[in-house]
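Peer 1: I'm passing along query34.cif; it holds mmCIF, C-alpha atoms and all ligand atoms.
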data_protein
#
loop_
_atom_site.label_atom_id
_atom_site.label_comp_id
_atom_site.auth_asym_id
_atom_site.auth_seq_id
_atom_site.Cartn_x
_atom_site.Cartn_y
_atom_site.Cartn_z
CA MET A 7 -2.43 18.79 -8.47
CA ASN A 8 -4.31 15.80 -7.13
CA GLU A 9 -5.28 15.02 -3.56
CA ILE A 10 -3.66 13.05 -0.77
CA GLY A 11 -5.74 10.25 0.75
CA PHE A 12 -5.26 8.80 4.21
CA GLY A 13 -4.55 5.07 3.82
CA PHE A 14 -5.48 3.02 6.91
CA LEU A 15 -2.81 0.38 6.30
CA ARG A 16 -0.09 1.61 8.62
CA LEU A 17 -1.60 3.18 11.73
CA PRO A 18 -0.07 3.92 15.12
CA GLN A 19 -0.28 0.74 17.18
CA ASN A 20 0.28 -0.18 20.80
CA GLU A 21 2.77 -2.83 21.89
CA ASP A 22 0.08 -5.52 21.70
CA LYS A 23 -0.72 -4.48 18.10
CA THR A 24 -4.07 -2.87 18.98
CA ILE A 25 -4.71 0.53 17.41
CA ASP A 26 -3.45 3.50 19.39
CA TYR A 27 -6.53 5.76 19.24
CA GLU A 28 -4.95 8.44 21.41
CA ARG A 29 -2.58 9.07 18.54
CA LEU A 30 -4.86 8.18 15.64
CA ASN A 31 -7.88 10.37 16.48
CA PRO A 32 -5.93 13.67 16.46
CA MET A 33 -4.34 12.57 13.17
CA VAL A 34 -7.74 12.05 11.56
CA ASP A 35 -8.99 15.39 12.92
CA ARG A 36 -5.92 17.25 11.66
CA PHE A 37 -6.14 15.63 8.23
CA LEU A 38 -9.72 16.85 7.84
CA GLU A 39 -8.85 20.28 9.25
CA LEU A 40 -6.16 20.66 6.61
CA GLY A 41 -8.64 19.92 3.83
CA GLY A 42 -8.10 16.16 3.42
CA ARG A 43 -11.18 14.14 2.38
CA TYR A 44 -10.17 10.69 1.17
CA PHE A 45 -9.84 7.71 3.49
CA ASP A 46 -9.01 4.22 2.33
CA THR A 47 -9.29 0.90 4.11
CA ALA A 48 -9.60 -2.82 3.35
CA TYR A 49 -11.10 -5.83 5.09
CA THR A 50 -7.70 -7.44 5.57
CA TYR A 51 -5.60 -4.44 6.63
CA LEU A 52 -3.92 -4.58 10.02
CA ASP A 53 -5.15 -8.07 10.77
CA GLU A 54 -8.71 -6.93 10.11
CA LEU A 55 -8.52 -4.00 12.56
CA SER A 56 -8.43 -1.26 9.95
CA GLU A 57 -12.18 -1.04 9.21
CA GLU A 58 -12.97 -0.84 12.91
CA ALA A 59 -10.40 1.94 13.16
CA ILE A 60 -12.26 3.80 10.39
CA ARG A 61 -15.44 3.55 12.44
CA LYS A 62 -13.93 4.54 15.76
CA SER A 63 -11.72 7.37 14.57
CA LEU A 64 -13.67 8.69 11.59
CA THR A 65 -17.28 7.70 11.00
CA GLU A 66 -18.40 7.86 14.65
CA ARG A 67 -16.69 11.21 15.12
CA HIS A 68 -17.28 13.10 11.87
CA GLU A 69 -20.19 13.92 9.55
CA ARG A 70 -20.59 11.41 6.71
CA SER A 71 -20.60 14.25 4.17
CA SER A 72 -17.17 15.47 5.32
CA PHE A 73 -15.17 12.55 3.91
CA VAL A 74 -14.86 10.15 0.99
CA LEU A 75 -14.39 6.50 1.94
CA SER A 76 -13.06 3.63 -0.14
CA ASP A 77 -13.00 -0.02 0.91
CA LYS A 78 -12.00 -3.30 -0.74
CA LEU A 79 -13.54 -6.74 -1.03
CA PRO A 80 -11.09 -9.58 -0.28
CA GLY A 81 -12.67 -11.66 -3.04
CA PHE A 82 -9.73 -14.08 -3.04
CA LYS A 83 -10.97 -15.39 0.34
CA PHE A 84 -14.36 -16.52 -0.92
CA THR A 85 -15.80 -19.28 -3.04
CA SER A 86 -19.27 -17.89 -3.83
CA TYR A 87 -21.16 -14.73 -4.73
CA GLU A 88 -23.20 -15.05 -1.51
CA GLU A 89 -20.07 -15.02 0.65
CA CYS A 90 -18.85 -11.88 -1.13
CA ARG A 91 -22.20 -10.15 -0.65
CA ALA A 92 -22.23 -11.09 3.05
CA CYS A 93 -18.69 -9.73 3.40
CA PHE A 94 -19.77 -6.41 1.88
CA GLU A 95 -22.59 -6.07 4.41
CA ARG A 96 -20.13 -6.89 7.21
CA GLN A 97 -17.77 -4.22 5.92
CA LEU A 98 -20.52 -1.58 6.06
CA GLN A 99 -21.15 -2.52 9.68
CA ARG A 100 -17.51 -2.61 10.64
CA CYS A 101 -16.99 0.84 9.12
CA GLY A 102 -20.24 2.24 10.55
CA VAL A 103 -21.57 3.53 7.20
CA ASP A 104 -24.40 2.65 4.85
CA TYR A 105 -22.49 3.17 1.62
CA PHE A 106 -18.92 3.41 0.32
CA ASP A 107 -18.00 6.22 -2.04
CA ILE A 108 -15.59 3.87 -3.78
CA TYR A 109 -15.67 0.06 -3.60
CA LEU A 110 -12.89 -2.05 -5.08
CA LEU A 111 -12.03 -5.69 -5.60
CA HIS A 112 -8.83 -6.15 -3.64
CA GLY A 113 -5.56 -7.08 -5.34
CA LEU A 114 -6.58 -8.34 -8.77
CA ASN A 115 -3.95 -10.42 -10.52
CA GLU A 116 -4.28 -13.37 -12.89
CA GLU A 117 -5.42 -15.76 -10.17
CA ASN A 118 -7.72 -13.35 -8.33
CA TYR A 119 -9.30 -12.20 -11.58
CA GLN A 120 -10.25 -15.79 -12.29
CA ILE A 121 -11.78 -16.08 -8.80
CA ALA A 122 -13.61 -12.77 -9.28
CA ARG A 123 -15.17 -14.05 -12.49
CA GLU A 124 -16.17 -17.39 -11.01
CA ASN A 125 -17.81 -15.75 -7.98
CA GLY A 126 -19.68 -13.00 -9.83
CA GLN A 127 -17.70 -10.24 -8.13
CA PHE A 128 -18.08 -7.80 -11.03
CA ARG A 129 -21.83 -8.48 -10.98
CA LEU A 130 -21.77 -7.66 -7.27
CA LEU A 131 -20.00 -4.34 -7.98
CA ARG A 132 -22.59 -3.39 -10.61
CA GLU A 133 -25.46 -4.26 -8.26
CA LEU A 134 -23.99 -2.29 -5.36
CA LYS A 135 -23.59 0.73 -7.59
CA ALA A 136 -27.19 0.44 -8.83
CA GLU A 137 -28.39 0.14 -5.20
CA GLY A 138 -26.46 3.27 -4.20
CA LYS A 139 -24.27 1.30 -1.79
CA ALA A 140 -21.11 1.93 -3.83
CA GLY A 141 -20.60 5.30 -5.51
CA ARG A 142 -17.82 4.26 -7.88
CA ILE A 143 -16.52 0.77 -8.51
CA GLY A 144 -13.21 -0.76 -9.56
CA PHE A 145 -10.27 -2.76 -8.31
CA SER A 146 -6.77 -2.51 -6.91
CA TYR A 147 -4.21 -4.16 -9.15
CA HIS A 148 -0.91 -6.04 -9.03
CA ASP A 149 -0.02 -7.69 -12.33
CA THR A 150 1.06 -7.01 -15.90
CA PRO A 151 -0.15 -4.17 -18.15
CA GLN A 152 -1.45 -6.79 -20.60
CA LEU A 153 -3.79 -8.32 -18.03
CA LEU A 154 -4.93 -4.85 -16.94
CA ASP A 155 -5.83 -4.07 -20.56
CA LYS A 156 -7.79 -7.33 -20.79
CA ILE A 157 -9.75 -6.69 -17.57
CA LEU A 158 -10.61 -3.12 -18.50
CA THR A 159 -11.70 -4.24 -21.98
CA GLU A 160 -13.89 -6.99 -20.53
CA HIS A 161 -15.29 -4.71 -17.80
CA PRO A 162 -16.01 -1.23 -19.15
CA GLU A 163 -18.27 -0.65 -16.12
CA VAL A 164 -15.16 -0.09 -13.98
CA ASP A 165 -14.80 3.56 -12.92
CA VAL A 166 -11.53 3.54 -11.03
CA VAL A 167 -8.32 1.54 -10.69
CA LEU A 168 -5.89 1.64 -7.79
CA LEU A 169 -2.32 1.25 -9.03
CA GLN A 170 1.06 1.04 -7.34
CA ILE A 171 2.93 4.10 -8.62
CA ASN A 172 6.12 5.70 -7.38
CA TYR A 173 9.38 6.79 -8.97
CA LEU A 174 11.16 3.55 -8.06
CA ASP A 175 8.52 1.30 -9.63
CA TRP A 176 7.83 3.58 -12.60
CA ASN A 177 10.32 1.82 -14.86
CA SER A 178 10.67 -1.36 -12.76
CA LYS A 179 10.53 -4.55 -14.81
CA ALA A 180 8.55 -6.30 -12.05
CA ILE A 181 5.89 -3.67 -11.30
CA ARG A 182 5.81 -1.87 -14.68
CA ALA A 183 4.00 1.12 -13.16
CA ALA A 184 4.39 3.42 -16.18
CA GLU A 185 2.88 0.85 -18.54
CA CYS A 186 -0.03 0.12 -16.19
CA TYR A 187 -0.66 3.86 -15.86
CA ASP A 188 -0.74 4.19 -19.67
CA VAL A 189 -3.26 1.35 -19.97
CA ALA A 190 -5.56 2.98 -17.41
CA VAL A 191 -5.26 6.31 -19.23
CA LYS A 192 -6.05 4.60 -22.56
CA HIS A 193 -9.28 3.27 -21.03
CA ALA A 194 -10.04 6.71 -19.56
CA LYS A 195 -10.24 5.40 -15.97
CA GLN A 196 -9.82 7.45 -12.84
CA ILE A 197 -6.59 6.43 -11.15
CA MET A 198 -5.90 6.15 -7.47
CA VAL A 199 -2.30 5.61 -6.42
CA MET A 200 -1.07 3.32 -3.66
CA GLU A 201 2.44 3.19 -2.27
CA PRO A 202 3.65 6.60 -3.52
CA VAL A 203 6.44 6.30 -0.93
CA LYS A 204 6.71 2.52 -1.43
CA GLY A 205 5.84 1.62 2.13
CA GLY A 206 8.41 4.07 3.50
CA THR A 207 11.26 2.81 1.31
CA LEU A 208 11.44 6.20 -0.41
CA ALA A 209 11.36 8.11 2.87
CA LYS A 210 14.86 6.94 3.80
CA LEU A 211 17.28 6.76 0.89
CA PRO A 212 20.87 5.60 0.54
CA GLU A 213 23.16 8.45 1.55
CA LYS A 214 24.32 9.12 -2.00
CA ALA A 215 20.77 9.53 -3.33
CA GLU A 216 19.70 11.59 -0.32
CA ASN A 217 22.60 14.00 -0.80
CA ILE A 218 21.63 14.59 -4.42
CA LEU A 219 18.07 15.52 -3.46
CA ARG A 220 19.10 17.57 -0.40
CA GLU A 221 21.36 19.69 -2.54
CA LEU A 222 18.46 20.59 -4.82
CA ARG A 223 15.83 21.24 -2.12
CA PRO A 224 17.41 21.33 1.34
CA ASP A 225 14.10 21.71 3.20
CA ASP A 226 12.21 18.88 1.53
CA SER A 227 12.00 15.42 3.04
CA MET A 228 12.67 12.37 0.89
CA ALA A 229 9.01 11.33 1.23
CA ARG A 230 7.94 14.67 -0.17
CA TRP A 231 9.97 14.09 -3.32
CA ALA A 232 8.22 10.75 -3.77
CA VAL A 233 4.76 12.20 -3.27
CA ARG A 234 5.47 15.04 -5.72
CA PHE A 235 6.34 12.46 -8.38
CA ALA A 236 2.97 10.71 -8.18
CA ALA A 237 1.12 13.98 -7.65
CA GLY A 238 2.27 15.34 -10.99
CA LEU A 239 0.64 12.58 -13.06
CA GLU A 240 -2.33 14.09 -14.84
CA GLN A 241 -4.86 11.25 -14.62
CA VAL A 242 -4.25 10.57 -10.94
CA GLU A 243 -7.14 11.62 -8.73
CA VAL A 244 -5.80 10.72 -5.32
CA MET A 245 -2.62 9.34 -3.79
CA LEU A 246 -3.10 7.11 -0.77
CA SER A 247 -0.42 7.59 1.78
CA GLY A 248 -0.11 5.42 4.88
CA MET A 249 0.51 7.93 7.67
CA GLY A 250 1.63 6.81 11.09
CA ALA A 251 2.23 10.14 12.84
CA ILE A 252 0.75 13.63 12.89
CA GLU A 253 4.00 15.11 11.53
CA GLN A 254 3.51 13.07 8.36
CA ILE A 255 0.04 14.55 7.96
CA GLU A 256 1.37 18.08 8.33
CA GLU A 257 4.08 17.37 5.78
CA ASN A 258 1.87 15.56 3.26
CA MET A 259 -0.80 18.23 3.33
CA ARG A 260 1.54 21.08 2.45
CA PRO A 261 0.81 22.29 -1.10
CA LEU A 262 2.73 20.23 -3.67
CA GLU A 263 4.45 21.75 -6.68
CA PRO A 264 4.84 19.63 -9.84
CA LEU A 265 8.31 18.27 -10.61
CA THR A 266 10.34 20.03 -13.27
CA GLU A 267 11.77 17.97 -16.13
CA GLY A 268 15.22 18.22 -14.51
CA GLU A 269 13.86 16.98 -11.18
CA ARG A 270 12.21 13.98 -12.86
CA GLU A 271 15.56 13.05 -14.41
CA THR A 272 17.24 13.42 -11.03
CA LEU A 273 14.70 11.07 -9.45
CA GLU A 274 15.38 8.49 -12.16
CA ARG A 275 19.07 8.74 -11.28
CA CYS A 276 18.24 8.27 -7.59
CA ALA A 277 16.04 5.27 -8.47
CA ARG A 278 19.06 3.59 -10.06
CA ILE A 279 21.11 4.19 -6.90
CA ILE A 280 18.31 2.85 -4.67
CA ARG A 281 17.83 -0.29 -6.79
CA LYS A 282 21.52 -1.05 -6.53
CA ASP A 283 21.40 -0.55 -2.80
CA THR A 284 18.21 -2.45 -1.84
CA ALA A 285 18.53 -6.16 -1.14
CA VAL A 286 14.78 -6.85 -0.86
CA ALA A 287 12.22 -4.54 -2.49
CA CYS A 288 9.65 -5.22 0.25
CA THR A 289 7.05 -2.49 0.84
CA GLY A 290 6.16 -3.73 4.34
CA CYS A 291 2.52 -4.29 3.38
CA SER A 292 2.35 -7.44 5.58
CA TYR A 293 0.09 -9.32 3.13
CA CYS A 294 2.37 -12.35 3.54
CA VAL A 295 2.32 -12.40 7.32
CA GLY A 296 -1.16 -13.86 7.90
CA GLY A 297 -0.32 -16.85 5.74
CA CYS A 298 2.96 -17.78 7.39
CA PRO A 299 2.52 -20.99 9.40
CA ARG A 300 5.65 -20.20 11.45
CA ASP A 301 4.64 -16.67 12.53
CA ILE A 302 7.80 -15.18 11.06
CA PRO A 303 7.80 -11.34 11.03
CA ILE A 304 8.74 -11.26 7.35
CA PRO A 305 8.59 -7.49 6.58
CA GLU A 306 10.43 -6.56 9.79
CA TYR A 307 13.20 -9.03 8.95
CA PHE A 308 13.47 -7.63 5.43
CA ALA A 309 13.69 -4.07 6.76
CA LEU A 310 16.56 -5.13 9.04
CA TYR A 311 18.25 -7.08 6.28
CA ASN A 312 18.10 -4.07 3.94
CA GLU A 313 19.54 -1.92 6.69
CA TYR A 314 22.32 -4.43 7.26
CA ARG A 315 23.19 -4.67 3.57
CA ARG A 316 23.24 -0.87 3.32
CA ASN A 317 25.31 -0.24 6.46
CA ARG A 318 27.44 -3.27 7.27
CA ASN A 319 29.41 -1.29 9.79
CA GLU A 320 26.24 -0.94 11.87
CA ASP A 321 25.64 -4.65 12.36
CA TRP A 322 26.34 -4.18 16.08
CA LYS A 323 23.00 -2.31 16.21
CA ILE A 324 21.11 -4.48 13.75
CA GLN A 325 21.89 -7.91 15.20
CA PRO A 326 20.37 -7.07 18.65
CA ALA A 327 17.26 -5.68 16.93
CA TYR A 328 16.96 -8.96 15.05
CA ASP A 329 17.51 -11.01 18.22
CA ALA A 330 14.76 -9.11 20.03
CA LEU A 331 12.28 -9.79 17.23
CA ALA A 332 13.33 -13.44 16.94
CA LYS A 333 12.71 -13.87 20.67
CA LYS A 334 9.22 -12.46 20.38
CA TYR A 335 8.18 -14.31 17.21
CA LYS A 336 10.21 -17.00 15.36
CA LYS A 337 13.74 -16.99 13.96
CA ALA A 338 14.16 -16.78 10.20
CA SER A 339 15.86 -20.18 10.35
CA GLU A 340 12.58 -21.66 11.60
CA CYS A 341 11.04 -21.06 8.16
CA ILE A 342 9.84 -24.36 6.65
CA GLY A 343 10.17 -23.17 3.06
CA CYS A 344 6.45 -23.60 2.26
CA ARG A 345 6.56 -20.50 0.00
CA THR A 346 3.08 -19.31 1.00
CA CYS A 347 4.65 -15.88 1.40
CA ASP A 348 5.77 -15.93 -2.26
CA ASP A 349 2.18 -16.56 -3.36
CA LEU A 350 0.78 -13.77 -1.18
CA CYS A 351 3.32 -11.09 -2.08
CA PRO A 352 1.90 -8.41 -4.43
CA GLN A 353 5.47 -7.34 -5.26
CA ARG A 354 6.15 -10.85 -6.56
CA LEU A 355 9.20 -11.20 -4.36
CA SER A 356 10.83 -14.57 -3.74
CA ALA A 357 10.20 -13.93 -0.07
CA ALA A 358 11.06 -17.45 1.09
CA GLN A 359 14.44 -17.25 -0.62
CA TYR A 360 15.16 -13.91 1.03
CA ILE A 361 14.11 -15.31 4.42
CA ALA A 362 16.79 -17.98 3.90
CA GLU A 363 19.31 -15.16 3.30
CA VAL A 364 18.12 -13.43 6.48
CA ALA A 365 18.62 -16.70 8.38
CA ALA A 366 22.12 -17.17 6.96
CA THR A 367 22.97 -13.60 8.01
CA PHE A 368 21.46 -13.29 11.48
CA ASP A 369 21.05 -16.88 12.75
CA LYS A 370 24.69 -17.83 12.32
S1 LIG B 401 8.29 -19.92 3.35
FE1 LIG B 401 8.88 -19.54 5.48
S2 LIG B 401 8.49 -17.38 5.78
FE2 LIG B 401 7.37 -17.97 3.94
S3 LIG B 401 5.32 -18.48 4.68
FE3 LIG B 401 6.49 -20.41 4.64
S4 LIG B 401 7.35 -20.58 6.71
FE4 LIG B 401 6.66 -18.45 6.49
S1 LIG B 402 7.36 -9.69 1.40
FE1 LIG B 402 5.82 -8.96 -0.06
S2 LIG B 402 3.85 -9.36 0.96
FE2 LIG B 402 5.42 -9.51 2.54
S3 LIG B 402 5.49 -7.45 3.44
FE3 LIG B 402 7.06 -7.51 1.83
S4 LIG B 402 6.03 -6.72 0.00
FE4 LIG B 402 4.41 -7.24 1.45
#
Would you write the structure of this file as structure tokens?
Peer 2:
Amino acid sequence: MNEIGFGFLRLPQNEDKTIDYERLNPMVDRFLELGGRYFDTAYTYLDELSEEAIRKSLTERHERSSFVLSDKLPGFKFTSYEECRACFERQLQRCGVDYFDIYLLHGLNEENYQIARENGQFRLLRELKAEGKAGRIGFSYHDTPQLLDKILTEHPEVDVVLLQINYLDWNSKAIRAAECYDVAVKHAKQIMVMEPVKGGTLAKLPEKAENILRELRPDDSMARWAVRFAAGLEQVEVMLSGMGAIEQIEENMRPLEPLTEGERETLERCARIIRKDTAVACTGCSYCVGGCPRDIPIPEYFALYNEYRRNRNEDWKIQPAYDALAKKYKKASECIGCRTCDDLCPQRLSAAQYIAEVAATFDK
């Protein structure tokens, strides 16, 4: 079975959104104690606080040889090779290291691939590897299997790809995880997995799906089922899991047994139930949030909206939760329909349209 990696995308935070190191540091220590090695961050994660969190909780407190660190270049932000190179140097400083074990271009899709080519980002990767500043090189990916095939054909120097894989997206027509996995296997690339629990969506299932899984394995959490799915894929080297509490570390680091054929079929059945039951397939990644000119808490609103659509008889609980958020940030009805969120969403959701549905539901 492959390894679990600690993704620094969803960390414990204080009220003011700063990182809660009193909770994070023991999590990092426990992860290493239990045999974990992989840590993953990105320049943009957590409003650019994630790399600093790597430094404060990991690299300043543990031997460099005791962990494997991957980071990602936000190449889509830059217009020249020089800016990308300068960003890389800044990332080393922020993380408090002098090399990354794995260095990836962040979020390649059609548009970002074009930018990467124009700005010499693949040249940068090759140079960093030759200089010993990046052990292995590659990219994280959100687009079609056809484009993935094209990129890997044009760039055989790539060692590793980071793909979104979980049992809900495996046969999804939007994400096409199974087809992307097959392309990466065809090119003999090492595969890292992001979102094995789909941003927590697969940790809390509709009652009907949860009952099916509980009957089979009463002691296993829903998240564990999701992780076992990704863990059983042969070419996968590491699954990155965003862990926000020490209990999740304890649970994720328990030995994983591969799924049986029957269990895989059961998960496919559950995926059909979940799809039917989920209004917005948002993973809560927050990529859209920084671009919103109205400061609308988009993922939080989608989480509430999903909850509302799943349990209409609980709207007495959900409406006050919405009102509290709307008081702190902006109401969904204050959206100006600019659709920046649509462009930034790696799940290719029509986020602006869903925000209008949220407004119609909660801002009546
Ligand atoms: S469409 Fe609305 S929610 Fe989306 S970025 Fe624009 S203002 Fe924000
Ligand atoms: S709407 Fe898209 S970009 Fe925004 S949090 Fe959800 S999945 Fe991420």
Peer 1: Nearest residue to ligand LIG 402 (chain B) out of A:Pro212, A:Pro299, A:Pro264, A:Gly205, using all atoms listed in the file?
Peer 2: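 Residue with the minimum atom-to-atom distance to ligand LIG 402 (chain B): A:Gly205.
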Peer 1: May I ask you to write as a VMD selection string all residues lying at most 8 Å from ligand LIG 402 (chain B), with all atoms listed in the file counted?
Peer 2: chain A and resid 287 to 295 304 to 305 308 347 to 348 350 to 357
Peer 1: Mind listing whatever residues come within 9 Å of the point (4.0, 21.1, -4.8)? Use all atoms listed in the file, file coordinates, and give them as JSON, numbers by chain.
Peer 2: {"A": [7, 230, 234, 237, 238, 260, 261, 262, 263, 264, 265]}
Peer 1: Excluding A:Phe145 and residues on its chain fewer than 2 positions from it, collect all residues at most 7 Å away from it, counting all atoms listed in the file, and give them as a list in words.
Peer 2: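 Returned residues: Leu110, Leu111, His112, Leu114, Tyr147, Val166, Val167 and Leu168 of chain A.
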Peer 1: Using all atoms listed in the file, which residues sit within 7 Å of stretch 160-164 of chain A once same-chain residues fewer than 3 positions away are excluded, as a ChimeraX atom specification?
Peer 2: /A:143-144,156-157
Peer 1: Could you write those residues out with C-alpha atoms, as a compact mmCIF listing (two decimals), keeping the file's coordinate frame?
Peer 2:
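File produced: again25.txt:
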# COMPACT_ATOMS: atom_id res chain seq x y z
CA ILE A 143 -16.52 0.77 -8.51
CA GLY A 144 -13.21 -0.76 -9.56
CA LYS A 156 -7.79 -7.33 -20.79
CA ILE A 157 -9.75 -6.69 -17.57
Peer 1: Could the residues of chain A that have an atom at most 9 Å from ligand LIG 401 (chain B) be listed as a tab-separated table, each with its closest atom pair and the distance in Å to one decimal, counting all atoms listed in the file and ordered by chain and ascending residue number?
Peer 2:
residue	atom	partner	partner_atom	distance
A:Cys294	CA	B:LIG401	S3	6.9
A:Val295	CA	B:LIG401	S3	7.3
A:Gly296	CA	B:LIG401	S3	8.6
A:Gly297	CA	B:LIG401	S3	6.0
A:Cys298	CA	B:LIG401	S3	3.7
A:Pro299	CA	B:LIG401	S4	5.5
A:Arg300	CA	B:LIG401	S4	5.0
A:Asp301	CA	B:LIG401	FE4	6.6
A:Ile302	CA	B:LIG401	FE4	5.7
A:Pro303	CA	B:LIG401	S2	8.0
A:Ile304	CA	B:LIG401	S2	6.3
A:Ala338	CA	B:LIG401	S2	7.2
A:Ser339	CA	B:LIG401	FE1	8.5
A:Glu340	CA	B:LIG401	S4	7.2
A:Cys341	CA	B:LIG401	FE1	3.8
A:Ile342	CA	B:LIG401	S4	4.5
A:Gly343	CA	B:LIG401	S1	3.8
A:Cys344	CA	B:LIG401	FE3	4.0
A:Arg345	CA	B:LIG401	S1	3.8
A:Thr346	CA	B:LIG401	S3	4.4
A:Cys347	CA	B:LIG401	S3	4.2
A:Asp348	CA	B:LIG401	FE2	6.7
A:Asp349	CA	B:LIG401	S3	8.8
A:Leu350	CA	B:LIG401	S3	8.8
A:Ala357	CA	B:LIG401	FE2	6.4
A:Ala358	CA	B:LIG401	S1	4.3
A:Gln359	CA	B:LIG401	S1	7.8
A:Tyr360	CA	B:LIG401	S2	8.9
A:Ile361	CA	B:LIG401	S2	6.1
A:Ala362	CA	B:LIG401	FE1	8.2
Peer 1: Closest to A:Ala184 among A:Met198, A:Ile108, A:Ala309, A:Ile171, using all atoms listed in the file?
Peer 2: A:Ile171
Peer 1: Pick out the closest residue to A:Asp283 from this set: A:Asp321, A:Asp104, A:Glu313, A:Glu253. Count only C-alpha atoms.
Peer 2: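 Looking only at the distances to A:Asp283, the closest residue turns out to be A:Glu313.
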Peer 1: Which neighbours of A:Leu15 fall inside 7 Å, counting all atoms listed in the file, when residues of the same chain fewer than 2 positions from it are skipped, and could you give them as a PyMOL selection string?
Peer 2: chain A and resi 13+17+47+51-52+56+248
Peer 1: Do you have the atom CA of A:Gly141-atom CA of A:Glu256 distance handy?
Peer 2: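 Calculated distance between atom CA of A:Gly141 and atom CA of A:Glu256 is 28.9 Å.
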Peer 1: May I ask which of the residues A:Asn125, A:Asn31, A:Gln97, A:Ser86 is the closest one to A:Ile252, counting all atoms listed in the file?
Peer 2: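 Under the stated criterion, the closest residue is A:Asn31.
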Peer 1: What is the distance, in Å and to one decimal place, between atom CA of A:Ala122 and atom CA of A:Phe82?
Peer 2: 7.5 Å
